[in-house]
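K.L.:
Please read through the structure below; I'll follow up with questions.
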Amino acid sequence: MTNSALAQLEGVHFSYAADRPVLSGVDLALHAGERVGLIGTNGSGKTTLLHLLVGLLRPTAGTVRAFGSERKTERDFGEVRMRMGLVFQDPDDQLFCPTVLEDVAFGPLNLGKTPEEARAIATETLEMLGMETFQDRITYKLSGGEKRLISLATVLAMAPDALLLDEPTAGLDEESQSRIYRILRELPQAMIIVSHERAFVRDVSTRIVRIDDGRIVATE
Amino acid sequence: MIILEGKQPHSFIHQVDPRVRVVAAVCFAVLVCLCEEMSVLGVGLGAAAGLVVAARIVNVETMRRLVEVNLFMLLLFVLLPICVPGTAVFRIGGLVWTREGLWQTLAIALKANAIMTGFLALVGTLEPPYLGFALSRLRVPDKLVHVLLFMVRYIEVIHREYHRLFNAMRLRAFRPGFNRHTFRTYGYLIGMLLVRSIDRAERVVEAMKCRGFRGRFYVLARFRFAWADLAFTAAFAGGLVALGCMEWI
């Protein structure tokens with residue numbers, strides 16, 4: 001089973017400051033078809049863990065494996081990032097283009113698609129999320145829920161094999177939450193979902209793990 | 001500070017290709033700069049005002065911008081005529097305001113207003129993203145265009161952050177005054193804003209990297225040069241030639 005994991009952390013240690021370790025020996029594997037709910041207190045290292053998986057941070061000890069091989073260098077992770085989409089906690093970090101269409105097309109363009117292809121992919125992705133009327137909207141004028149959905153669209157447009165979602169429903173009203181919930185349930189990708197909303201995590205994930213004192217503890 | 005806010009009225013000028021509008025505004029500005037005849041400058045200003053009316057942007061915002069320009073011109077009217085030698089018009093103590101000086105200042109004021117009005121009508125009616133794209137298509141260096149686009153995107157975010165911080169300060173009964181406490185607090189506010197902006201910039205770059213960004217931008221927008229644009233270009237060029245004829249022939 002271990003070899004079939006899309007992404008895997010083995011004995012990963014990480015600290016921002018030497019005297020305060022955030023992660024101390026994390027083992028976690030994400031397999032195809034899984035939706036792993038990741039919970040833990042504020043500052044327990046949930047976001048850090050996601051960032052380690054895509055190489056925005058590097059472990060102080062331990063190994064990061066993704067798509068069948070160990071990943072160490074920026075070059076290794078460049079490949080990982082094309083296949084593993086990270087949706088940031090704050091959509092204002094993610095959405096940087098003036099218009100929605102432009103932003104959704106950004107990833108596909110980076111993958112080497114032509115402007116026409118990228119535009120088609122972006123439109124398709126927005127349609128899939130029921131957001132096709134948002135194409136020409138200005139990103140920063142969107143509401144919180146809309147921004148969240150567009151953030152998701154920007155990552156889905158790259159057709160990743162796995163999704164890493166950092167608090168996808170934080171600060172959203174119930175209607176927007178359930179909309180995101182329905183979308184996530186229908187997506188074929190394996191995903192890790194960081195969230196504080198217990199009920200949401202329970203409903204959407206296939207298994208739940210908790211970070212406690214720098215280690216992963218399986219729950220429920 | 002809120003840019004892009006509010007529905008803009010749509011006029012035929014809004015329909016003209018952004019590239020044409022940028023080029024037209026620049027040509028108009030250069031021509032007006034070169035003109036010396038007071039009557040020509042007057043006609044130029046009138047034509048620019050006509051464009052503003054045609055663009056249907058005769059509103060408080062437009063007026064406010066013109067007032068800002070003219071406050072500066074007021075300063076010129078006070079200072080410049082003293083520096084130009086010629087026939088005295090009036091004097092206060094040792095300071096002499098000359099007729100030639102006043103005349104020159106009037107020419108400068110007319111030029112500034114004509115150019116400003118022209119830009120308001122042609123470029124001011126472009127949403128900043130489209131201005132960015134137009135500049136990019138007009139071979140303005142990518143870096144400059146990106147700086148513009150990122151500024152458009154994040155100025156509002158930083159502005160909101162500033163308001164959040166400032167409101168938090170006010171909620172704790174902060175009242176600005178002329179004292180050490182106020183200066184120190186403003187220092188903290190600006191410092192915190194800078195720190196947060198840098199943090200944000202780092203997160204934005206990380207998010208971009210996660211989507212495969214490798215330092216190159218691609219622009220999606222395609223502008224089509226339509227018959228209406230050709231008509232506008234021809235009419236505008238005709239106007240510019242007419243102005244030129246009045247000045248030099």
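Ordered as shown in the structure tokens, chains take letters A, B, and onward, while each chain numbers its residues from 1 and ligands are numbered from 1 in the order shown.
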Quick one: residues within 10 Å of A:Thr99, only C-alpha atoms, excluding same-chain residues fewer than 6 positions away - as a ChimeraX atom specification?
P.N.:
/A:134-141 /B:129,153
K.L.:
Do me a favour and pick out the residues of chain A within 9 Å of chain B, using only C-alpha atoms, as JSON, numbers by chain.
P.N.:
{"A": [54, 56, 78, 79, 80, 81, 82, 84, 85, 86, 87, 88, 92, 93, 94, 95, 96, 97, 98, 99, 101, 102, 105, 106, 107, 108, 109, 110, 111, 115, 116, 118, 119, 138, 139, 140, 141, 154, 155, 158]}
K.L.:
Within 9 Å of B:His10, counting only C-alpha atoms, which residues qualify if same-chain residues fewer than 3 places away don't, as a ChimeraX atom specification?
P.N.:
/B:7,13-15,55-56
K.L.:
Select, from A:Val12, A:Ile183, A:Val204, A:Ala159, the residue with the minimum atom-to-atom distance to A:Ser24, counting only C-alpha atoms.
P.N.:
A:Val12
K.L.:
Env of stretch 187-191 of chain B: 9 Å cut, atoms = only C-alpha atoms, seq-sep filter 4 positions within chain, self excluded. Answer as an NGL selection string.
P.N.:
:B and (162 or 165-166 or 182-183 or 195-196)
K.L.:
Where does DSSP see strand (DSSP E or B) in stretch 23-228 of chain B, if you list the residues as a PyMOL selection string?
P.N.:
chain B and resi 88-92+95-98
K.L.:
Identify, with DSSP run on backbone atoms, the residues in stretch 3-243 of chain B assigned to helix (DSSP H, G or I), and express the list as an MDAnalysis selection string.
P.N.:
chainID B and resid 12:15 18:34 38:54 60:83 99:122 128:137 142:171 180:210 227:243
K.L.:
Got a sec: who's within 10 Å of stretch 186-200 of chain A, counting only C-alpha atoms, leaving out chain neighbours fewer than 4 positions off, as a PyMOL selection string?
P.N.:
chain A and resi 6-7+29-42+46-47+49-50+84-87+89+156+159-170+177-178+181-182+204-210
K.L.:
Calculated over only C-alpha atoms, which of the candidates A:Gly25, A:Gly130, A:Gly45, A:Pro91 has the smallest distance to A:Ser143?
P.N.:
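With only C-alpha atoms as the atom set, the closest residue is A:Pro91.
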K.L.:
Just to confirm, what's the straight-line distance from atom CA of A:Asp173 to atom CA of A:Ser44 in Å (one decimal)?
P.N.:
25.1 Å
K.L.:
Using only C-alpha atoms, which protein or nucleic acid residues come within 8 Å of stretch 99-115 of chain B? Drop anything in the same chain fewer than 5 positions from it, and give the result as an MDAnalysis selection string.
P.N.:
chainID B and resid 25 28:29 32:33 36 38 41:42 44:46 48:49 66 69:70 73 76:77 80:89
K.L.:
Can you pull out the residues contacting B:Val40? Cut-off 9 Å, using only C-alpha atoms, and skip same-chain residues under 6 positions away; I want them as a list in words.
P.N.:
Val32, Leu243, Gly244, Met246 and Glu247 of chain B
